[in-house]
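my_file06.txt follows; it contains compact mmCIF, C-alpha atoms and all ligand atoms.
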```
# COMPACT_ATOMS: atom_id res chain seq x y z
CA MET A 1 206.67 209.40 110.61
CA ILE A 2 205.41 206.06 111.96
CA ARG A 3 206.07 203.20 109.53
CA ARG A 4 203.47 200.48 109.88
CA ILE A 5 204.85 197.00 109.37
CA LYS A 6 202.51 195.11 107.09
CA ARG A 7 201.82 191.72 108.60
CA LYS A 8 201.90 188.62 106.46
CA LYS A 9 198.60 187.20 105.27
CA ARG A 10 197.54 184.31 107.47
CA ILE A 11 195.30 181.45 106.44
CA GLY A 12 193.74 178.73 108.55
CA ILE A 13 193.09 175.16 107.44
CA LEU A 14 190.40 172.98 109.00
CA THR A 15 189.54 169.37 108.13
CA GLY A 16 186.08 168.15 109.13
CA GLY A 17 183.86 165.08 108.83
CA GLY A 18 184.99 161.54 108.07
CA ASP A 19 188.62 161.24 107.06
CA CYS A 20 189.67 159.89 103.67
CA ALA A 21 192.81 159.45 101.66
CA GLY A 22 194.20 162.66 100.20
CA ILE A 23 193.40 165.18 102.96
CA ASN A 24 197.07 165.61 103.79
CA ALA A 25 197.83 166.09 100.12
CA VAL A 26 195.41 169.06 100.11
CA ILE A 27 196.91 170.49 103.32
CA ARG A 28 200.36 170.18 101.75
CA ALA A 29 199.31 171.85 98.50
CA VAL A 30 197.58 174.75 100.25
CA ALA A 31 200.44 175.34 102.68
CA LYS A 32 203.30 174.95 100.20
CA LYS A 33 201.77 177.21 97.59
CA ALA A 34 200.68 179.84 100.13
CA ILE A 35 204.16 179.88 101.69
CA ASN A 36 206.25 179.59 98.53
CA ASP A 37 204.31 181.88 96.20
CA TYR A 38 202.75 184.37 98.61
CA ASP A 39 204.81 184.25 101.80
CA MET A 40 201.66 183.58 103.84
CA GLU A 41 201.47 182.09 107.30
CA ILE A 42 199.52 178.88 107.93
CA VAL A 43 197.55 177.93 111.00
CA GLY A 44 196.11 174.42 111.30
CA ILE A 45 192.86 174.22 113.27
CA GLU A 46 192.88 170.94 115.17
CA ASP A 47 190.10 168.34 115.20
CA GLY A 48 187.75 170.13 112.82
CA TYR A 49 185.08 172.40 114.27
CA GLU A 50 185.94 171.11 117.77
CA GLY A 51 189.20 173.05 117.53
CA ALA A 52 187.43 176.05 116.02
CA VAL A 53 185.07 176.23 119.02
CA ASN A 54 187.70 175.48 121.66
CA ASN A 55 190.58 177.39 120.09
CA LYS A 56 192.88 174.44 119.38
CA HIS A 57 195.38 175.23 116.67
CA LYS A 58 199.02 175.00 115.63
CA ARG A 59 201.30 176.86 113.26
CA LEU A 60 202.33 174.90 110.19
CA ASP A 61 205.55 175.65 108.38
CA SER A 62 207.10 174.01 105.31
CA ARG A 63 208.64 171.22 107.37
CA ASP A 64 205.29 170.28 108.89
CA VAL A 65 203.81 169.62 105.46
CA SER A 66 206.80 167.79 103.99
CA GLY A 67 206.46 164.05 103.52
CA ILE A 68 202.68 163.98 104.01
CA LEU A 69 201.58 163.66 100.38
CA THR A 70 201.16 159.91 100.65
CA LEU A 71 199.92 159.82 104.22
CA GLY A 72 196.33 158.71 104.91
CA GLY A 73 194.06 160.49 107.42
CA THR A 74 194.61 164.10 108.42
CA ILE A 75 197.55 165.53 110.35
CA LEU A 76 195.12 168.08 111.83
CA GLY A 77 192.63 165.58 113.23
CA THR A 78 188.92 165.62 112.51
CA THR A 79 185.51 164.91 113.99
CA LYS A 80 182.11 164.11 112.55
CA LYS A 81 180.26 165.08 115.70
CA ILE A 82 180.75 168.83 116.07
CA ASN A 83 178.52 171.51 114.61
CA PRO A 84 179.26 174.90 116.20
CA TYR A 85 175.66 175.96 115.57
CA ARG A 86 174.43 172.93 117.52
CA TYR A 87 177.24 172.15 119.91
CA ALA A 88 176.52 169.13 122.11
CA ILE A 89 177.11 169.50 125.83
CA LYS A 90 176.76 166.39 128.02
CA SER A 91 173.85 166.63 130.42
CA GLY A 92 173.41 163.45 132.46
CA ASN A 93 172.93 160.61 130.02
CA ASP A 94 171.89 162.99 127.30
CA PHE A 95 173.06 166.10 125.51
CA LYS A 96 171.97 169.72 125.43
CA PHE A 97 172.69 171.75 122.35
CA LYS A 98 174.09 175.26 122.32
CA ASP A 99 174.96 177.70 119.54
CA MET A 100 178.74 178.19 119.84
CA SER A 101 179.25 179.82 116.46
CA LYS A 102 180.13 183.18 118.05
CA ALA A 103 183.07 181.49 119.79
CA VAL A 104 184.29 180.28 116.40
CA VAL A 105 184.01 183.76 114.88
CA ARG A 106 185.84 185.24 117.88
CA ASN A 107 188.63 182.63 117.74
CA ILE A 108 189.15 183.14 114.01
CA GLU A 109 189.28 186.91 114.51
CA ASN A 110 191.74 186.59 117.40
CA LEU A 111 193.96 184.41 115.23
CA GLU A 112 193.78 187.18 112.60
CA LEU A 113 193.04 184.71 109.84
CA ASP A 114 192.51 186.30 106.44
CA CYS A 115 190.76 183.15 105.26
CA LEU A 116 189.75 179.73 106.53
CA VAL A 117 190.17 176.83 104.12
CA VAL A 118 187.59 174.21 105.03
CA ILE A 119 188.27 170.71 103.70
CA GLY A 120 185.13 168.65 104.16
CA GLY A 121 182.05 166.84 102.96
CA ASP A 122 178.50 168.16 102.58
CA GLY A 123 177.93 168.58 106.33
CA THR A 124 181.23 170.36 107.00
CA LEU A 125 180.84 172.60 103.96
CA GLY A 126 177.24 173.43 104.94
CA ILE A 127 178.58 174.72 108.26
CA ALA A 128 181.32 176.59 106.39
CA TYR A 129 178.63 178.38 104.41
CA LYS A 130 176.93 179.47 107.64
CA LEU A 131 180.24 180.75 108.99
CA PHE A 132 180.77 182.66 105.76
CA LYS A 133 177.39 184.30 106.21
CA ASP A 134 178.48 185.17 109.75
CA GLY A 135 181.47 187.06 108.41
CA ILE A 136 184.29 184.52 108.10
CA PRO A 137 186.10 184.53 104.75
CA VAL A 138 185.88 180.86 103.78
CA VAL A 139 187.06 178.74 100.86
CA GLY A 140 185.85 175.13 100.60
CA VAL A 141 187.56 171.99 99.26
CA PRO A 142 185.36 168.93 98.53
CA LYS A 143 186.43 165.80 100.40
CA THR A 144 184.65 162.47 100.79
CA ILE A 145 184.75 158.84 99.78
CA ASP A 146 181.01 159.18 99.06
CA ASN A 147 181.50 161.49 96.03
CA ASP A 148 178.18 163.08 96.90
CA ILE A 149 178.94 166.79 97.12
CA LEU A 150 176.75 169.09 95.03
CA GLY A 151 178.56 171.22 92.45
CA THR A 152 181.48 168.90 91.78
CA ASP A 153 181.73 165.81 89.58
CA LEU A 154 184.46 164.44 91.79
CA THR A 155 185.67 164.59 95.36
CA PHE A 156 189.14 163.50 96.38
CA GLY A 157 189.13 160.31 98.45
CA PHE A 158 186.60 158.63 96.20
CA ASP A 159 189.13 157.07 93.84
CA THR A 160 191.11 155.55 96.71
CA ALA A 161 187.98 154.15 98.38
CA LEU A 162 186.85 152.84 95.01
CA SER A 163 190.09 150.98 94.42
CA ILE A 164 189.99 149.48 97.95
CA ALA A 165 186.36 148.36 97.50
CA THR A 166 187.13 146.96 94.05
CA ASP A 167 190.12 145.05 95.38
CA GLY A 168 187.86 143.61 98.09
CA ILE A 169 185.29 142.51 95.52
CA ASP A 170 188.02 140.92 93.38
CA ARG A 171 189.25 138.91 96.34
CA LEU A 172 185.73 137.83 97.27
CA HIS A 173 185.12 136.76 93.67
CA SER A 174 187.65 133.96 93.84
CA THR A 175 186.42 132.60 97.16
CA ALA A 176 182.77 132.88 96.04
CA GLN A 177 183.61 130.96 92.90
CA SER A 178 185.52 128.23 94.73
CA HIS A 179 182.80 127.65 97.34
CA HIS A 180 179.83 128.20 95.03
CA ARG A 181 178.51 130.83 97.38
CA VAL A 182 176.67 134.09 97.21
CA MET A 183 178.88 136.90 98.52
CA VAL A 184 177.23 140.10 99.65
CA VAL A 185 179.67 143.02 99.85
CA GLU A 186 178.51 146.13 101.69
CA VAL A 187 180.27 149.34 100.74
CA MET A 188 179.98 152.83 102.24
CA GLY A 189 178.61 155.89 100.48
CA HIS A 190 176.11 157.34 102.97
CA ASN A 191 172.85 158.09 101.12
CA ALA A 192 174.43 157.99 97.67
CA GLY A 193 175.29 155.00 95.50
CA TRP A 194 178.43 156.24 93.75
CA LEU A 195 180.84 153.93 95.54
CA ALA A 196 178.61 150.87 95.12
CA LEU A 197 177.90 151.65 91.47
CA TYR A 198 181.53 152.20 90.49
CA SER A 199 183.03 149.39 92.58
CA GLY A 200 180.19 147.09 91.50
CA ILE A 201 180.93 147.74 87.85
CA ALA A 202 184.71 147.65 88.31
CA GLY A 203 184.48 144.40 90.27
CA GLY A 204 181.95 142.78 87.92
CA GLY A 205 179.17 142.56 90.52
CA ASP A 206 176.18 140.53 89.34
CA ILE A 207 173.78 142.56 91.45
CA ILE A 208 174.35 146.19 92.47
CA LEU A 209 172.03 147.83 94.96
CA ILE A 210 172.10 151.59 95.45
CA PRO A 211 169.94 153.97 97.53
CA GLU A 212 168.66 155.71 94.41
CA ILE A 213 167.00 152.49 93.14
CA PRO A 214 164.97 150.80 95.91
CA TYR A 215 165.25 147.05 95.41
CA GLU A 216 162.73 144.21 95.26
CA MET A 217 163.86 140.98 96.94
CA ASN A 218 162.25 138.77 94.31
CA LYS A 219 164.32 140.46 91.55
CA ILE A 220 167.54 139.71 93.41
CA ILE A 221 166.50 136.12 94.04
CA GLY A 222 165.50 135.74 90.40
CA LYS A 223 168.94 136.86 89.27
CA VAL A 224 170.83 134.53 91.63
CA LYS A 225 168.66 131.54 90.63
CA GLU A 226 168.98 132.35 86.94
CA ARG A 227 172.78 132.33 87.28
CA HIS A 228 172.65 128.95 89.01
CA LYS A 229 170.47 127.54 86.29
CA ILE A 230 173.08 128.34 83.65
CA GLY A 231 175.89 126.84 85.73
CA LYS A 232 177.15 130.00 87.40
CA ARG A 233 176.99 128.68 90.93
CA PHE A 234 178.15 131.84 92.65
CA SER A 235 176.97 135.43 92.70
CA ILE A 236 178.43 138.74 93.84
CA VAL A 237 176.04 141.27 95.34
CA VAL A 238 177.45 144.76 95.89
CA VAL A 239 175.19 146.72 98.21
CA ALA A 240 175.49 150.36 99.26
CA GLU A 241 175.07 150.89 103.00
CA GLY A 242 172.20 153.27 102.20
CA ALA A 243 170.29 150.84 99.95
CA LYS A 244 166.72 150.03 100.94
CA PRO A 245 163.89 147.81 99.74
CA LYS A 246 161.00 149.32 97.82
CA GLY A 247 158.69 150.83 100.42
CA GLY A 248 161.15 149.96 103.20
CA ASN A 249 163.83 151.64 105.27
CA VAL A 250 167.60 151.82 105.51
CA VAL A 251 169.43 149.70 108.08
CA ILE A 252 170.88 151.82 110.89
CA GLN A 253 174.00 150.62 112.64
CA ARG A 254 174.06 153.21 115.41
CA MET A 255 172.80 156.62 116.45
CA VAL A 256 175.41 159.16 117.48
CA LYS A 257 173.21 161.34 119.69
CA GLU A 258 175.60 164.25 119.98
CA SER A 259 176.01 164.57 116.19
CA SER A 260 173.74 166.87 114.19
CA ASP A 261 173.66 164.09 111.57
CA PRO A 262 173.18 161.23 114.10
CA ILE A 263 172.40 158.29 111.81
CA ARG A 264 175.25 155.91 111.02
CA LEU A 265 174.22 153.46 108.33
CA GLY A 266 175.38 149.86 108.14
CA GLY A 267 174.24 146.28 108.38
CA ILE A 268 172.19 145.95 105.20
CA GLY A 269 174.73 143.38 103.91
CA PHE A 270 173.93 140.96 106.74
CA VAL A 271 170.17 141.54 106.55
CA LEU A 272 170.20 140.89 102.82
CA GLY A 273 172.59 137.93 103.06
CA ASP A 274 170.39 136.18 105.67
CA LYS A 275 167.26 136.66 103.59
CA LEU A 276 168.94 135.47 100.43
CA GLU A 277 170.23 132.30 102.07
CA LYS A 278 166.88 131.52 103.71
CA ILE A 279 164.86 132.03 100.55
CA THR A 280 167.19 130.46 97.97
CA GLY A 281 168.96 127.86 100.09
CA PHE A 282 172.26 128.96 98.55
CA GLU A 283 175.09 129.35 101.02
CA THR A 284 175.71 133.06 101.53
CA ARG A 285 178.31 135.20 103.30
CA ALA A 286 178.29 138.92 103.94
CA VAL A 287 181.34 141.18 104.17
CA VAL A 288 181.34 144.82 105.24
CA MET A 289 184.14 146.88 103.70
CA GLY A 290 183.53 149.64 106.25
CA HIS A 291 186.24 152.03 107.34
CA LEU A 292 188.91 150.15 105.39
CA GLN A 293 187.69 152.26 102.47
CA ARG A 294 188.69 155.47 104.22
CA GLY A 295 192.18 154.55 105.31
CA GLY A 296 195.66 154.33 103.89
CA THR A 297 197.64 155.78 101.05
CA PRO A 298 195.81 157.83 98.42
CA THR A 299 195.87 156.59 94.84
CA ALA A 300 197.97 158.54 92.35
CA PHE A 301 194.73 160.00 90.95
CA ASP A 302 193.62 161.29 94.36
CA ARG A 303 197.06 162.76 95.06
CA VAL A 304 196.93 164.72 91.81
CA LEU A 305 193.31 165.81 92.34
CA ALA A 306 193.97 166.84 95.95
CA THR A 307 197.03 168.82 94.86
CA GLN A 308 195.07 170.63 92.14
CA LEU A 309 192.19 171.41 94.50
CA GLY A 310 194.53 172.72 97.21
CA SER A 311 196.49 174.85 94.80
CA THR A 312 193.33 176.34 93.27
CA ALA A 313 191.99 177.10 96.76
CA VAL A 314 195.03 179.35 97.27
CA ASP A 315 194.33 181.14 93.95
CA MET A 316 190.80 181.73 95.22
CA ILE A 317 192.11 183.22 98.47
CA VAL A 318 194.47 185.53 96.60
CA ASN A 319 191.57 186.67 94.40
CA LYS A 320 189.29 187.02 97.44
CA LYS A 321 186.74 184.55 96.09
CA PHE A 322 185.39 183.76 99.52
CA GLY A 323 182.17 181.84 100.08
CA ASN A 324 183.05 179.43 97.27
CA MET A 325 184.24 175.86 96.89
CA VAL A 326 186.80 174.69 94.36
CA ALA A 327 185.20 172.00 92.20
CA MET A 328 185.84 169.69 89.28
CA GLN A 329 183.29 169.92 86.47
CA LYS A 330 183.82 168.17 83.13
CA SER A 331 187.53 167.74 83.99
CA ALA A 332 188.00 171.48 84.60
CA LEU A 333 188.66 173.21 87.90
CA VAL A 334 185.87 175.69 88.62
CA MET A 335 184.38 177.61 91.51
CA VAL A 336 180.93 176.99 92.93
CA ASN A 337 179.03 179.02 95.48
CA LEU A 338 178.88 177.35 98.91
CA LYS A 339 175.23 178.34 98.98
CA ASP A 340 174.59 175.78 96.22
CA VAL A 341 176.82 173.17 97.85
CA ALA A 342 174.87 173.49 101.11
CA LYS A 343 171.57 172.56 99.47
CA GLY A 344 171.87 168.80 100.00
CA HIS A 345 173.78 165.89 98.57
CA ARG A 346 174.47 164.66 95.03
CA SER A 347 172.71 161.41 94.15
CA VAL A 348 173.37 159.02 91.29
CA PRO A 349 170.94 159.93 88.48
CA VAL A 350 168.79 156.86 87.87
CA ASP A 351 169.11 157.44 84.13
CA SER A 352 172.91 157.49 84.39
CA PRO A 353 174.57 156.09 81.23
CA LEU A 354 176.72 153.94 83.52
CA ILE A 355 173.64 152.20 84.93
CA LYS A 356 172.35 151.65 81.38
CA THR A 357 175.70 150.16 80.37
CA ALA A 358 175.70 147.82 83.36
CA ILE A 359 172.13 146.70 82.65
CA SER A 360 173.02 145.94 79.04
CA LEU A 361 175.84 143.74 80.35
CA GLY A 362 173.38 141.79 82.50
CA THR A 363 173.82 143.51 85.88
CA CYS A 364 170.72 143.47 88.07
CA PHE A 365 169.87 146.60 90.08
CA GLY A 366 167.16 144.85 92.04
CA ASN A 367 164.34 146.63 90.22
O1 LIG B 1 180.90 160.21 104.81
C1 LIG B 1 181.89 159.25 104.91
C2 LIG B 1 181.40 158.01 105.59
O2 LIG B 1 182.44 157.05 105.58
C3 LIG B 1 180.12 157.41 105.00
O3 LIG B 1 180.34 156.67 103.83
C4 LIG B 1 179.62 156.59 106.17
O4 LIG B 1 178.22 156.46 106.10
C5 LIG B 1 180.04 157.39 107.37
O5 LIG B 1 181.06 158.26 106.95
C6 LIG B 1 180.53 156.56 108.53
O6 LIG B 1 180.72 157.39 109.65
P1 LIG B 1 181.55 156.99 110.94
O7 LIG B 1 183.00 157.26 110.65
O8 LIG B 1 181.01 157.91 111.99
O9 LIG B 1 181.31 155.56 111.23
```
Once you've parsed the file, please lay out its structure as structure tokens.
Ligand code: F6P
Amino acid sequence: MIRRIKRKKRIGILTGGGDCAGINAVIRAVAKKAINDYDMEIVGIEDGYEGAVNNKHKRLDSRDVSGILTLGGTILGTTKKINPYRYAIKSGNDFKFKDMSKAVVRNIENLELDCLVVIGGDGTLGIAYKLFKDGIPVVGVPKTIDNDILGTDLTFGFDTALSIATDGIDRLHSTAQSHHRVMVVEVMGHNAGWLALYSGIAGGGDIILIPEIPYEMNKIIGKVKERHKIGKRFSIVVVAEGAKPKGGNVVIQRMVKESSDPIRLGGIGFVLGDKLEKITGFETRAVVMGHLQRGGTPTAFDRVLATQLGSTAVDMIVNKKFGNMVAMQKSALVMVNLKDVAKGHRSVPVDSPLIKTAISLGTCFGN
């Protein structure tokens, strides 16, 4: 009689899109739980979907994921530019796009992965949903400083970015006050205003501008002048990179041609600062928080959230709940269908109680 040796279950982990604090904490949680509780094997796919297309991977054992809980970035590498369904190939000064998704499916099959854990933002998880439809057993974990993923109230990475942005605003407060200046602080967030809203409230911003509420210049000017009149000779303006004037457009910092989401926002802080200074005559400075918000050690909150999300992702694999993302809703860990996650991004509701609270405290939203 031939005895067949049952091979261990093998799961892959891929991190895609912009990095943020807490990714390694998720990798650690997934790997440790899968190894300790289920004796699974772990394969790390390198550099996001780039590695999935070009078969770049490495085995991860317990030692590889030890000591990474507090480490920023991702030990697997990432990229924001690769979409296997629209893979950019250099052609002269331009790019041609090719569907390379079959290569991904083939590579995953050759690696004999029983599941692929995809840690990413809306773009990365949207691709994960397509791969799921193409036959790959996928489980998603929501990651981004933007906190804009549909189906979850929270993404890991947001709390860390929020505390960095808030610390920046606090520091700018004292210099604004001393010099009697207007300080414009631009924070990230892509097309959503979560980071600006929360850091603006936490940092006591006088004016908070978010993409969901197009601003009017005269309202901002009115607020700054009103503060001056009552002896408050400085103002703090917290502006989301995706904020735009009523009837106007966002400010684009660069176009990344080879990316399927080519627009990189940025620069609104300087545009706004210049206008404010010219119109009011008040000395103004602009500061862009930029990628500082994505780097460094995760906050305790993000470490705990990332650990919970990673651990629940393993439960989902064991229970074969593929095609879903682990999510946080009303402080509980739940599962949401990737189909619903892939529908777009989560905006700040304009009737958010938080906005109402800020308005009642005198914050101007430029409307
Ligand atoms: O999605 C995360 C994020 O940091 C956004 O807030 C920002 O718009 C974008 O990525 C910046 O992208 P890049 O790293 O390509 O400059």
Spatial neighbours of Ile23 of chain A, max dist 12 Å, all atoms listed in the file, sep filter under 5 positions, as a VMD selection string: chain A and resid 13 to 18 28 to 30 65 68 to 78 118 to 121 141 to 145 155 to 158 160 294 to 298 302 to 307 309 to 310
Surroundings of ligand LIG 1 (chain B) up to 8 Å, based on all atoms listed in the file, as a VMD selection string: chain A and resid 17 to 20 80 121 144 to 146 187 to 191 241 to 242 256 264 to 266 290 to 291 293 to 294
Restricting the output to C-alpha atoms, write the selected residues as a PDB file, in the coordinates of the input.
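See again.pdb below for the written result:
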```
ATOM      1  CA  GLY A  17     183.860 165.080 108.830  1.00  0.00           C
ATOM      2  CA  GLY A  18     184.990 161.540 108.070  1.00  0.00           C
ATOM      3  CA  ASP A  19     188.620 161.240 107.060  1.00  0.00           C
ATOM      4  CA  CYS A  20     189.670 159.890 103.670  1.00  0.00           C
ATOM      5  CA  LYS A  80     182.110 164.110 112.550  1.00  0.00           C
ATOM      6  CA  GLY A 121     182.050 166.840 102.960  1.00  0.00           C
ATOM      7  CA  THR A 144     184.650 162.470 100.790  1.00  0.00           C
ATOM      8  CA  ILE A 145     184.750 158.840  99.780  1.00  0.00           C
ATOM      9  CA  ASP A 146     181.010 159.180  99.060  1.00  0.00           C
ATOM     10  CA  VAL A 187     180.270 149.340 100.740  1.00  0.00           C
ATOM     11  CA  MET A 188     179.980 152.830 102.240  1.00  0.00           C
ATOM     12  CA  GLY A 189     178.610 155.890 100.480  1.00  0.00           C
ATOM     13  CA  HIS A 190     176.110 157.340 102.970  1.00  0.00           C
ATOM     14  CA  ASN A 191     172.850 158.090 101.120  1.00  0.00           C
ATOM     15  CA  GLU A 241     175.070 150.890 103.000  1.00  0.00           C
ATOM     16  CA  GLY A 242     172.200 153.270 102.200  1.00  0.00           C
ATOM     17  CA  VAL A 256     175.410 159.160 117.480  1.00  0.00           C
ATOM     18  CA  ARG A 264     175.250 155.910 111.020  1.00  0.00           C
ATOM     19  CA  LEU A 265     174.220 153.460 108.330  1.00  0.00           C
ATOM     20  CA  GLY A 266     175.380 149.860 108.140  1.00  0.00           C
ATOM     21  CA  GLY A 290     183.530 149.640 106.250  1.00  0.00           C
ATOM     22  CA  HIS A 291     186.240 152.030 107.340  1.00  0.00           C
ATOM     23  CA  GLN A 293     187.690 152.260 102.470  1.00  0.00           C
ATOM     24  CA  ARG A 294     188.690 155.470 104.220  1.00  0.00           C
TER      25      ARG A 294
END
```
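Residue nearest Ser91 of chain A, chosen from A:Val139, A:Lys257, A:Gly247, A:His179 and counting only C-alpha atoms: A:Lys257.
Candidate residues A:Leu154, A:Ala196, A:Val43, A:Leu162 were compared for distance to Lys330 of chain A, and the nearest is A:Leu154, using all atoms listed in the file.
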Atomic distance atom CA of Leu111 of chain A - atom CA of Lys98 of chain A, expressed in Å with one decimal: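 Between these atoms lies a distance of 23.0 Å.
Here atom CA of Phe301 of chain A is placed at a distance of 17.0 Å from atom CA of Trp194 of chain A.
Proximity ranking of A:Leu292, A:Val341, A:Val314, A:Val348 relative to Asn36 of chain A places A:Val314 first, based on all atoms listed in the file.
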Long-range neighbours of segment 198-214 of chain A as a VMD selection string, 6 Å cut-off, all atoms listed in the file, 4 positions minimum in chain: chain A and resid 162 166 169 to 170 193 236 to 240 242 to 246 363 to 365
Atomic distance atom CA of Thr357 of chain A - atom CA of Phe270 of chain A, expressed in Å with one decimal: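 Atom-to-atom, atom CA of Thr357 of chain A and atom CA of Phe270 of chain A are spaced 28.0 Å apart.
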Contact residues around segment 318-320 of chain A with all atoms listed in the file at 12 Å, ignoring same-chain residues under 6 positions, as a ChimeraX atom specification: /A:9-11,30,33-34,37-40,114-116,137-139,311-312,335
Protein/DNA/RNA residues near (180.2, 174.9, 93.8), cut 12 Å, all atoms listed in the file, as a PyMOL selection string: chain A and resi 122+125-126+129+139-142+149-155+321-329+333-343+346
Counting only C-alpha atoms, the option among A:Lys8, A:Glu46, A:Val104, A:Ala88 closest to Phe132 of chain A: A:Val104
Closest of A:Arg106, A:Leu354, A:Gly273, A:Gln253 to Asn54 of chain A - atom-to-atom distances counting all atoms listed in the file: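 Comparing A:Arg106, A:Leu354, A:Gly273, A:Gln253 against Asn54 of chain A, the winner is A:Arg106.
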Listed atoms of segment 321-329 of chain A boxed axis-aligned with 5 Å per side, centre + edges as JSON:
```
{"center_x": 184.5, "center_y": 177.1, "center_z": 93.3, "size_x": 14.6, "size_y": 24.9, "size_z": 23.6}
```
Selected residue of minimal separation from Gly281 of chain A among A:Lys225, A:Asp351, A:Ala176, A:Gln308, counting all atoms listed in the file: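 Among the listed residues, the smallest separation from Gly281 of chain A belongs to A:Lys225.
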Can you rebuild segment 285-299 of chain A with N, CA, C and O atoms and give it as a PDB file, in the frame of the given file?
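Done, and the output landed in rebuild_20.pdb:
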```pdb
ATOM      1  N   ARG A 285     177.492 134.503 102.300  1.00  0.00           N
ATOM      2  CA  ARG A 285     178.310 135.200 103.300  1.00  0.00           C
ATOM      3  C   ARG A 285     178.234 136.693 103.027  1.00  0.00           C
ATOM      4  O   ARG A 285     178.140 137.113 101.878  1.00  0.00           O
ATOM      5  N   ALA A 286     178.297 137.468 104.100  1.00  0.00           N
ATOM      6  CA  ALA A 286     178.290 138.920 103.940  1.00  0.00           C
ATOM      7  C   ALA A 286     179.591 139.517 104.470  1.00  0.00           C
ATOM      8  O   ALA A 286     180.131 139.044 105.475  1.00  0.00           O
ATOM      9  N   VAL A 287     180.102 140.497 103.764  1.00  0.00           N
ATOM     10  CA  VAL A 287     181.340 141.180 104.170  1.00  0.00           C
ATOM     11  C   VAL A 287     181.078 142.684 104.141  1.00  0.00           C
ATOM     12  O   VAL A 287     180.510 143.195 103.188  1.00  0.00           O
ATOM     13  N   VAL A 288     181.496 143.361 105.208  1.00  0.00           N
ATOM     14  CA  VAL A 288     181.340 144.820 105.240  1.00  0.00           C
ATOM     15  C   VAL A 288     182.714 145.464 105.036  1.00  0.00           C
ATOM     16  O   VAL A 288     183.627 145.244 105.822  1.00  0.00           O
ATOM     17  N   MET A 289     182.834 146.241 103.976  1.00  0.00           N
ATOM     18  CA  MET A 289     184.140 146.880 103.700  1.00  0.00           C
ATOM     19  C   MET A 289     184.441 147.986 104.707  1.00  0.00           C
ATOM     20  O   MET A 289     185.600 148.236 105.041  1.00  0.00           O
ATOM     21  N   GLY A 290     183.408 148.676 105.158  1.00  0.00           N
ATOM     22  CA  GLY A 290     183.530 149.640 106.250  1.00  0.00           C
ATOM     23  C   GLY A 290     184.644 150.668 106.131  1.00  0.00           C
ATOM     24  O   GLY A 290     184.933 151.161 105.036  1.00  0.00           O
ATOM     25  N   HIS A 291     185.267 150.942 107.274  1.00  0.00           N
ATOM     26  CA  HIS A 291     186.240 152.030 107.340  1.00  0.00           C
ATOM     27  C   HIS A 291     187.545 151.730 106.615  1.00  0.00           C
ATOM     28  O   HIS A 291     188.377 152.630 106.448  1.00  0.00           O
ATOM     29  N   LEU A 292     187.716 150.461 106.194  1.00  0.00           N
ATOM     30  CA  LEU A 292     188.910 150.150 105.390  1.00  0.00           C
ATOM     31  C   LEU A 292     188.965 151.068 104.177  1.00  0.00           C
ATOM     32  O   LEU A 292     190.035 151.457 103.711  1.00  0.00           O
ATOM     33  N   GLN A 293     187.768 151.433 103.681  1.00  0.00           N
ATOM     34  CA  GLN A 293     187.690 152.260 102.470  1.00  0.00           C
ATOM     35  C   GLN A 293     188.186 153.692 102.688  1.00  0.00           C
ATOM     36  O   GLN A 293     188.436 154.413 101.738  1.00  0.00           O
ATOM     37  N   ARG A 294     188.285 154.090 103.954  1.00  0.00           N
ATOM     38  CA  ARG A 294     188.690 155.470 104.220  1.00  0.00           C
ATOM     39  C   ARG A 294     190.180 155.611 104.523  1.00  0.00           C
ATOM     40  O   ARG A 294     190.713 156.720 104.526  1.00  0.00           O
ATOM     41  N   GLY A 295     190.813 154.466 104.804  1.00  0.00           N
ATOM     42  CA  GLY A 295     192.180 154.550 105.310  1.00  0.00           C
ATOM     43  C   GLY A 295     193.258 154.413 104.258  1.00  0.00           C
ATOM     44  O   GLY A 295     192.993 154.102 103.105  1.00  0.00           O
ATOM     45  N   GLY A 296     194.471 154.655 104.695  1.00  0.00           N
ATOM     46  CA  GLY A 296     195.660 154.330 103.890  1.00  0.00           C
ATOM     47  C   GLY A 296     196.051 155.366 102.855  1.00  0.00           C
ATOM     48  O   GLY A 296     195.516 156.474 102.799  1.00  0.00           O
ATOM     49  N   THR A 297     196.994 154.922 102.043  1.00  0.00           N
ATOM     50  CA  THR A 297     197.640 155.780 101.050  1.00  0.00           C
ATOM     51  C   THR A 297     196.686 156.179  99.927  1.00  0.00           C
ATOM     52  O   THR A 297     195.993 155.324  99.373  1.00  0.00           O
ATOM     53  N   PRO A 298     196.656 157.448  99.555  1.00  0.00           N
ATOM     54  CA  PRO A 298     195.810 157.830  98.420  1.00  0.00           C
ATOM     55  C   PRO A 298     196.348 157.291  97.093  1.00  0.00           C
ATOM     56  O   PRO A 298     197.562 157.141  96.934  1.00  0.00           O
ATOM     57  N   THR A 299     195.446 157.000  96.184  1.00  0.00           N
ATOM     58  CA  THR A 299     195.870 156.590  94.840  1.00  0.00           C
ATOM     59  C   THR A 299     196.572 157.776  94.170  1.00  0.00           C
ATOM     60  O   THR A 299     196.405 158.929  94.589  1.00  0.00           O
TER      61      THR A 299
END
```
